[in-house]
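Dropping work.cif in here (mmCIF, C-alpha atoms):
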```cif
data_structure
#
loop_
_atom_site.group_PDB
_atom_site.id
_atom_site.type_symbol
_atom_site.label_atom_id
_atom_site.label_comp_id
_atom_site.auth_asym_id
_atom_site.auth_seq_id
_atom_site.Cartn_x
_atom_site.Cartn_y
_atom_site.Cartn_z
ATOM 1 C CA MET M 1 120.149 86.886 37.857
ATOM 2 C CA ALA M 2 120.941 89.709 35.462
ATOM 3 C CA SER M 3 123.504 91.093 37.884
ATOM 4 C CA ARG M 4 125.385 87.785 37.735
ATOM 5 C CA TYR M 5 125.620 88.007 33.953
ATOM 6 C CA VAL M 6 126.854 91.599 34.230
ATOM 7 C CA TYR M 7 129.482 90.572 36.780
ATOM 8 C CA ALA M 8 130.626 87.657 34.619
ATOM 9 C CA GLU M 9 130.894 89.945 31.612
ATOM 10 C CA VAL M 10 132.972 92.455 33.568
ATOM 11 C CA VAL M 11 135.320 89.692 34.774
ATOM 12 C CA LEU M 12 135.652 88.352 31.218
ATOM 13 C CA ASN M 13 136.389 91.810 29.840
ATOM 14 C CA CYS M 14 139.017 92.419 32.549
ATOM 15 C CA ARG M 15 140.652 89.100 31.746
ATOM 16 C CA GLU M 16 140.719 89.885 28.037
ATOM 17 C CA GLU M 17 142.274 93.304 28.731
ATOM 18 C CA TRP M 18 144.866 91.687 31.016
ATOM 19 C CA GLU M 19 145.749 89.120 28.349
ATOM 20 C CA THR M 20 146.255 91.851 25.778
ATOM 21 C CA MET M 21 148.729 93.560 28.128
ATOM 22 C CA ILE M 22 150.664 90.531 29.392
ATOM 23 C CA ASP M 23 151.123 86.852 28.540
ATOM 24 C CA ILE M 24 149.452 85.114 31.470
ATOM 25 C CA THR M 25 151.143 81.795 30.660
ATOM 26 C CA VAL M 26 154.407 83.174 32.079
ATOM 27 C CA LEU M 27 152.847 84.382 35.336
ATOM 28 C CA PRO M 28 153.271 81.162 37.402
ATOM 29 C CA LEU M 29 157.020 80.994 36.712
ATOM 30 C CA PHE M 30 157.322 84.745 37.158
ATOM 31 C CA LEU M 31 155.598 84.726 40.557
ATOM 32 C CA VAL M 32 157.564 81.725 41.854
ATOM 33 C CA THR M 33 160.828 83.415 40.832
ATOM 34 C CA VAL M 34 159.802 86.695 42.466
ATOM 35 C CA VAL M 35 158.961 84.943 45.747
ATOM 36 C CA PHE M 36 162.386 83.301 45.900
ATOM 37 C CA LEU M 37 164.053 86.605 45.079
ATOM 38 C CA ALA M 38 162.058 88.405 47.780
ATOM 39 C CA ILE M 39 163.039 86.003 50.552
ATOM 40 C CA SER M 40 166.743 85.936 49.630
ATOM 41 C CA PRO M 41 169.003 87.990 51.958
ATOM 42 C CA GLY M 42 170.033 91.421 50.699
ATOM 43 C CA PRO M 43 170.411 95.094 51.666
ATOM 44 C CA ASP M 44 166.643 95.737 51.612
ATOM 45 C CA LEU M 45 165.904 92.797 53.900
ATOM 46 C CA LEU M 46 168.712 93.889 56.223
ATOM 47 C CA LEU M 47 167.229 97.377 56.450
ATOM 48 C CA ILE M 48 163.707 96.067 57.030
ATOM 49 C CA SER M 49 164.774 93.597 59.705
ATOM 50 C CA THR M 50 166.869 96.210 61.506
ATOM 51 C CA TYR M 51 164.218 98.922 61.688
ATOM 52 C CA SER M 52 161.427 96.462 62.450
ATOM 53 C CA SER M 53 163.277 94.811 65.316
ATOM 54 C CA MET M 54 164.623 98.053 66.783
ATOM 55 C CA HIS M 55 161.762 100.499 66.194
ATOM 56 C CA GLY M 56 158.729 98.287 65.691
ATOM 57 C CA PHE M 57 156.127 97.382 63.080
ATOM 58 C CA ARG M 58 155.346 100.934 61.920
ATOM 59 C CA SER M 59 158.974 101.717 61.137
ATOM 60 C CA GLY M 60 159.424 98.504 59.181
ATOM 61 C CA ILE M 61 156.286 99.166 57.144
ATOM 62 C CA LEU M 62 157.430 102.691 56.262
ATOM 63 C CA VAL M 63 160.834 101.416 55.129
ATOM 64 C CA SER M 64 158.992 98.807 53.028
ATOM 65 C CA VAL M 65 156.858 101.553 51.472
ATOM 66 C CA GLY M 66 160.043 103.335 50.424
ATOM 67 C CA ILE M 67 161.332 100.133 48.818
ATOM 68 C CA LEU M 68 157.985 99.691 47.038
ATOM 69 C CA VAL M 69 158.157 103.224 45.628
ATOM 70 C CA ALA M 70 161.727 102.563 44.466
ATOM 71 C CA GLY M 71 160.561 99.435 42.662
ATOM 72 C CA VAL M 72 157.814 101.344 40.844
ATOM 73 C CA ILE M 73 160.285 104.081 39.847
ATOM 74 C CA GLN M 74 162.752 101.500 38.540
ATOM 75 C CA THR M 75 159.977 99.823 36.575
ATOM 76 C CA VAL M 76 159.112 103.096 34.857
ATOM 77 C CA LEU M 77 162.796 103.770 34.129
ATOM 78 C CA VAL M 78 163.250 100.318 32.599
ATOM 79 C CA ALA M 79 160.060 100.669 30.560
ATOM 80 C CA PHE M 80 161.447 103.842 29.018
ATOM 81 C CA GLY M 81 164.959 102.563 28.427
ATOM 82 C CA LEU M 82 167.166 103.817 31.273
ATOM 83 C CA GLY M 83 168.160 100.286 32.255
ATOM 84 C CA THR M 84 169.507 99.703 28.754
ATOM 85 C CA LEU M 85 171.302 103.038 28.930
ATOM 86 C CA LEU M 86 173.049 102.011 32.153
ATOM 87 C CA GLN M 87 174.219 98.791 30.518
ATOM 88 C CA ALA M 88 175.586 100.759 27.579
ATOM 89 C CA MET M 89 177.200 103.455 29.769
ATOM 90 C CA PRO M 90 178.993 101.880 32.785
ATOM 91 C CA PRO M 91 180.352 105.296 33.949
ATOM 92 C CA LEU M 92 176.770 106.472 34.547
ATOM 93 C CA ALA M 93 176.108 103.433 36.731
ATOM 94 C CA MET M 94 179.341 104.169 38.597
ATOM 95 C CA VAL M 95 178.212 107.745 39.301
ATOM 96 C CA ILE M 96 174.843 106.555 40.646
ATOM 97 C CA LYS M 97 176.554 103.904 42.783
ATOM 98 C CA SER M 98 179.020 106.450 44.193
ATOM 99 C CA VAL M 99 176.233 108.876 45.110
ATOM 100 C CA GLY M 100 174.295 106.067 46.765
ATOM 101 C CA ALA M 101 177.316 104.913 48.766
ATOM 102 C CA LEU M 102 178.019 108.476 49.930
ATOM 103 C CA TYR M 103 174.377 108.902 50.992
ATOM 104 C CA LEU M 104 174.419 105.690 53.039
ATOM 105 C CA ALA M 105 177.758 106.630 54.595
ATOM 106 C CA TRP M 106 176.379 110.070 55.482
ATOM 107 C CA LEU M 107 173.394 108.455 57.216
ATOM 108 C CA GLY M 108 175.757 106.149 59.094
ATOM 109 C CA VAL M 109 177.886 109.045 60.313
ATOM 110 C CA ILE M 110 174.813 111.026 61.408
ATOM 111 C CA LEU M 111 173.514 108.043 63.370
ATOM 112 C CA LEU M 112 176.887 107.406 64.998
ATOM 113 C CA ARG M 113 177.154 111.061 65.990
ATOM 114 C CA GLY M 114 173.683 110.841 67.520
ATOM 115 C CA TRP M 115 174.735 107.713 69.392
ATOM 116 C CA MET M 116 177.853 109.405 70.765
ATOM 117 C CA LYS M 117 175.715 112.334 71.897
ATOM 118 C CA ASN M 118 173.220 110.001 73.595
ATOM 119 C CA LYS M 119 176.043 108.279 75.470
ATOM 120 C CA THR M 120 176.636 111.511 77.354
ATOM 121 C CA SER M 121 172.943 112.162 78.056
ATOM 122 C CA VAL M 122 171.047 111.454 81.262
ATOM 123 C CA PRO M 123 171.254 107.709 82.049
ATOM 124 C CA GLY M 124 167.572 107.422 82.741
ATOM 125 C CA ASP M 125 166.673 108.514 79.230
ATOM 126 C CA SER M 126 167.523 105.230 77.478
ATOM 127 C CA GLU M 127 164.891 105.122 74.768
ATOM 128 C CA THR M 128 165.735 106.413 71.300
ATOM 129 C CA ALA M 129 162.806 107.872 69.364
ATOM 130 C CA PRO M 130 162.282 106.352 65.875
ATOM 131 C CA PRO M 131 162.889 108.550 62.814
ATOM 132 C CA SER M 132 159.985 110.398 61.238
ATOM 133 C CA ALA M 133 157.741 108.722 58.665
ATOM 134 C CA GLY M 134 159.302 110.709 55.829
ATOM 135 C CA ALA M 135 162.829 109.804 56.923
ATOM 136 C CA LEU M 136 161.994 106.104 57.069
ATOM 137 C CA ILE M 137 160.408 106.108 53.621
ATOM 138 C CA ARG M 138 163.389 107.988 52.191
ATOM 139 C CA ARG M 139 165.830 105.513 53.709
ATOM 140 C CA GLY M 140 164.034 102.575 52.145
ATOM 141 C CA LEU M 141 163.700 104.456 48.856
ATOM 142 C CA PHE M 142 167.309 105.571 48.504
ATOM 143 C CA ASN M 143 168.806 102.341 49.845
ATOM 144 C CA ASN M 144 167.191 100.624 46.861
ATOM 145 C CA LEU M 145 167.071 103.370 44.263
ATOM 146 C CA MET M 146 170.702 104.503 44.550
ATOM 147 C CA ASN M 147 171.964 100.988 43.887
ATOM 148 C CA PRO M 148 172.327 100.705 40.081
ATOM 149 C CA LYS M 149 172.484 96.929 40.397
ATOM 150 C CA ALA M 150 168.793 96.951 41.322
ATOM 151 C CA LEU M 151 167.923 98.907 38.170
ATOM 152 C CA LEU M 152 170.126 96.668 36.047
ATOM 153 C CA PHE M 153 168.409 93.644 37.577
ATOM 154 C CA PHE M 154 165.000 95.027 36.615
ATOM 155 C CA SER M 155 166.229 95.717 33.076
ATOM 156 C CA MET M 156 167.558 92.152 32.669
ATOM 157 C CA PHE M 157 164.911 90.224 34.611
ATOM 158 C CA LEU M 158 161.622 91.704 33.408
ATOM 159 C CA PRO M 159 162.228 91.344 29.625
ATOM 160 C CA GLN M 160 162.597 87.576 30.070
ATOM 161 C CA PHE M 161 158.839 87.399 30.676
ATOM 162 C CA VAL M 162 157.796 89.739 27.873
ATOM 163 C CA SER M 163 155.882 88.412 24.871
ATOM 164 C CA ALA M 164 156.599 89.704 21.365
ATOM 165 C CA GLN M 165 152.861 89.647 20.622
ATOM 166 C CA GLN M 166 151.976 92.385 23.129
ATOM 167 C CA ASP M 167 153.156 95.939 23.692
ATOM 168 C CA TRP M 168 156.623 95.831 25.305
ATOM 169 C CA THR M 169 156.265 98.932 27.480
ATOM 170 C CA SER M 170 152.879 97.906 28.890
ATOM 171 C CA GLN M 171 154.170 94.450 29.770
ATOM 172 C CA ILE M 172 157.245 95.837 31.528
ATOM 173 C CA LEU M 173 155.073 98.218 33.560
ATOM 174 C CA MET M 174 152.627 95.487 34.546
ATOM 175 C CA LEU M 175 155.334 92.968 35.443
ATOM 176 C CA GLY M 176 157.378 95.509 37.381
ATOM 177 C CA ILE M 177 154.420 96.724 39.405
ATOM 178 C CA LEU M 178 153.386 93.122 40.058
ATOM 179 C CA LEU M 179 156.946 92.276 41.173
ATOM 180 C CA SER M 180 157.094 95.283 43.515
ATOM 181 C CA SER M 181 153.665 94.484 44.967
ATOM 182 C CA VAL M 182 154.519 90.825 45.661
ATOM 183 C CA VAL M 183 157.809 91.830 47.285
ATOM 184 C CA PHE M 184 155.973 94.421 49.392
ATOM 185 C CA CYS M 185 153.513 91.798 50.656
ATOM 186 C CA ILE M 186 156.370 89.458 51.573
ATOM 187 C CA ASN M 187 158.199 92.313 53.273
ATOM 188 C CA ILE M 188 155.140 92.925 55.441
ATOM 189 C CA GLY M 189 155.500 89.354 56.676
ATOM 190 C CA PHE M 190 159.151 90.012 57.500
ATOM 191 C CA VAL M 191 158.231 93.261 59.258
ATOM 192 C CA PHE M 192 155.683 91.493 61.444
ATOM 193 C CA SER M 193 158.103 88.686 62.338
ATOM 194 C CA PHE M 194 161.077 90.926 63.091
ATOM 195 C CA SER M 195 158.994 93.450 65.046
ATOM 196 C CA ARG M 196 157.687 90.676 67.297
ATOM 197 C CA LEU M 197 161.192 89.268 67.679
ATOM 198 C CA GLY M 198 162.560 92.727 68.446
ATOM 199 C CA ALA M 199 159.918 93.337 71.084
ATOM 200 C CA LEU M 200 160.780 90.021 72.744
ATOM 201 C CA LEU M 201 164.551 90.507 72.678
ATOM 202 C CA GLY M 202 164.358 94.218 73.467
ATOM 203 C CA GLN M 203 162.923 93.471 76.889
ATOM 204 C CA LYS M 204 165.902 91.214 77.628
ATOM 205 C CA LEU M 205 168.773 92.998 75.886
ATOM 206 C CA ARG M 206 167.657 96.573 76.659
ATOM 207 C CA LEU M 207 169.533 98.148 73.739
ATOM 208 C CA GLY M 208 168.050 101.567 74.489
ATOM 209 C CA ARG M 209 170.378 104.371 73.515
ATOM 210 C CA HIS M 210 172.682 102.033 71.538
ATOM 211 C CA ILE M 211 170.162 101.628 68.708
ATOM 212 C CA ASP M 212 171.538 104.594 66.760
ATOM 213 C CA GLY M 213 175.059 103.200 67.046
ATOM 214 C CA LEU M 214 173.981 99.829 65.649
ATOM 215 C CA LEU M 215 172.091 101.492 62.801
ATOM 216 C CA GLY M 216 175.093 103.711 62.052
ATOM 217 C CA VAL M 217 177.370 100.683 61.726
ATOM 218 C CA ILE M 218 174.816 98.963 59.488
ATOM 219 C CA PHE M 219 174.543 101.966 57.165
ATOM 220 C CA LEU M 220 178.329 102.257 56.942
ATOM 221 C CA GLY M 221 178.421 98.554 56.102
ATOM 222 C CA LEU M 222 175.813 99.044 53.378
ATOM 223 C CA ALA M 223 177.807 101.976 51.998
ATOM 224 C CA ALA M 224 180.995 99.904 51.879
ATOM 225 C CA ARG M 225 179.171 97.010 50.254
ATOM 226 C CA LEU M 226 177.693 99.249 47.574
ATOM 227 C CA ALA M 227 180.959 101.073 46.915
ATOM 228 C CA THR M 228 182.950 97.851 46.502
ATOM 229 C CA SER M 229 180.342 95.856 44.537
ATOM 230 C CA LYS M 230 180.961 95.173 40.850
#
```

For this file, produce the structure as structure tokens.
Amino acid sequence: MASRYVYAEVVLNCREEWETMIDITVLPLFLVTVVFLAISPGPDLLLISTYSSMHGFRSGILVSVGILVAGVIQTVLVAFGLGTLLQAMPPLAMVIKSVGALYLAWLGVILLRGWMKNKTSVPGDSETAPPSAGALIRRGLFNNLMNPKALLFFSMFLPQFVSAQQDWTSQILMLGILLSSVVFCINIGFVFSFSRLGALLGQKLRLGRHIDGLLGVIFLGLAARLATSK
């Protein structure tokens, strides 16, 4: 019986600490908005669906981990004012966008070169090995992190749910981490669905050695999209 009272007291204390860090009345609207944002098509979802369908569940999860890390980094940057700095200094955002576009284009060229090399390999060797875990995480990370629009979105979206009665920085950190966690959970659902779909279609289409070529075109497309976005 005493243990129940202790448990209830711990839960009450945790709730009180949560309420001092964030206004829980805004959470329902915040979570609904985040869900709709997470399921809307975009570069991250394109990357997740591509790697999941072509290289399987593990690859999709690792790309999603990279996107999650990028979200946490952006949250910290917004909490300490970099998002506001980007709004005040458009040239800085342009530099970040240019570096990101060059990185994606470089990945696309590397993949296309690998595809061209595989075209001249032994015909029986049709399976392309997936990238390493570190490479997959980095691709998810930089695809998101090197797009200044994502950081600007964080800096404009999160403050809408901040209460003037609580500490601003703590609320931004909590909301950003919550946003990234919800998106990560939804991405896992996408990874599972696309990996199953890829396994089904892969047996019929037999993409084999052409996977790198498709990924190369996708990365070049992402680079062009980022470079030309306003």

Translate the PyMOL selection byres ((chain M and resi 58) around 10), as applied to the file shown, into an explicit residue set as a PyMOL selection string. chain M and resi 51-52+55-57+59-64+130+133+136+191-192+195

Write out as a VMD selection string which residues come within 12 Å of Ala38 in chain M when counting all atoms listed in the file, dropping same-chain ones fewer than 4 positions away. chain M and resid 31 to 34 42 to 45 67 179 to 190

Write the residues of the preceding selection, restricted to C-alpha atoms, as a compact mmCIF listing (two decimals), in the coordinates of the input.
```txt
# COMPACT_ATOMS: atom_id res chain seq x y z
CA LEU M 31 155.60 84.73 40.56
CA VAL M 32 157.56 81.72 41.85
CA THR M 33 160.83 83.42 40.83
CA VAL M 34 159.80 86.70 42.47
CA GLY M 42 170.03 91.42 50.70
CA PRO M 43 170.41 95.09 51.67
CA ASP M 44 166.64 95.74 51.61
CA LEU M 45 165.90 92.80 53.90
CA ILE M 67 161.33 100.13 48.82
CA LEU M 179 156.95 92.28 41.17
CA SER M 180 157.09 95.28 43.52
CA SER M 181 153.66 94.48 44.97
CA VAL M 182 154.52 90.82 45.66
CA VAL M 183 157.81 91.83 47.28
CA PHE M 184 155.97 94.42 49.39
CA CYS M 185 153.51 91.80 50.66
CA ILE M 186 156.37 89.46 51.57
CA ASN M 187 158.20 92.31 53.27
CA ILE M 188 155.14 92.92 55.44
CA GLY M 189 155.50 89.35 56.68
CA PHE M 190 159.15 90.01 57.50
```

With all atoms listed in the file as the counted atoms, please give the residues lying no more than 9 Å from Val76 in chain M, apart from itself and same-chain residues fewer than 6 positions off, as a PDB file with C-alpha atoms, in the frame of the given file.
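That gives us result_28.pdb:
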```
ATOM      1  CA  LEU M  82     167.166 103.817  31.273  1.00  0.00           C
ATOM      2  CA  THR M 169     156.265  98.932  27.480  1.00  0.00           C
ATOM      3  CA  ILE M 172     157.245  95.837  31.528  1.00  0.00           C
ATOM      4  CA  LEU M 173     155.073  98.218  33.560  1.00  0.00           C
ATOM      5  CA  GLY M 176     157.378  95.509  37.381  1.00  0.00           C
TER       6      GLY M 176
END
```

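The space between CA of Ile137 in chain M and CA of Leu37 in chain M spans 21.6 Å.
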
How many Å lie between CA of Leu158 in chain M and CA of Gly81 in chain M, rounded to one decimal? 12.4 Å

Expansion of the PyMOL selection byres ((chain M and resi 104-108) around 6) into residues, as a JSON list (two decimals) with C-alpha atoms, in the frame of the given file:
```json
[["chain", "number", "residue", "atom", "x", "y", "z"],
["M", 101, "ALA", "CA", 177.32, 104.91, 48.77],
["M", 102, "LEU", "CA", 178.02, 108.48, 49.93],
["M", 103, "TYR", "CA", 174.38, 108.90, 50.99],
["M", 109, "VAL", "CA", 177.89, 109.04, 60.31],
["M", 110, "ILE", "CA", 174.81, 111.03, 61.41],
["M", 111, "LEU", "CA", 173.51, 108.04, 63.37],
["M", 216, "GLY", "CA", 175.09, 103.71, 62.05],
["M", 219, "PHE", "CA", 174.54, 101.97, 57.16],
["M", 220, "LEU", "CA", 178.33, 102.26, 56.94],
["M", 223, "ALA", "CA", 177.81, 101.98, 52.00]]
```

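Of the listed residues (M:Phe80, M:Phe30, M:Phe142, M:Trp168), M:Phe142 comes nearest to Leu222 in chain M; the distances count all atoms listed in the file.
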
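The space separating CA of Leu175 in chain M from CA of Pro91 in chain M comes to 27.9 Å.
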
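Using only C-alpha atoms, the shortest contact distance between Met156 in chain M and any of M:Thr25, M:Ser53, M:Thr75, M:Ser40 is found at M:Thr75.
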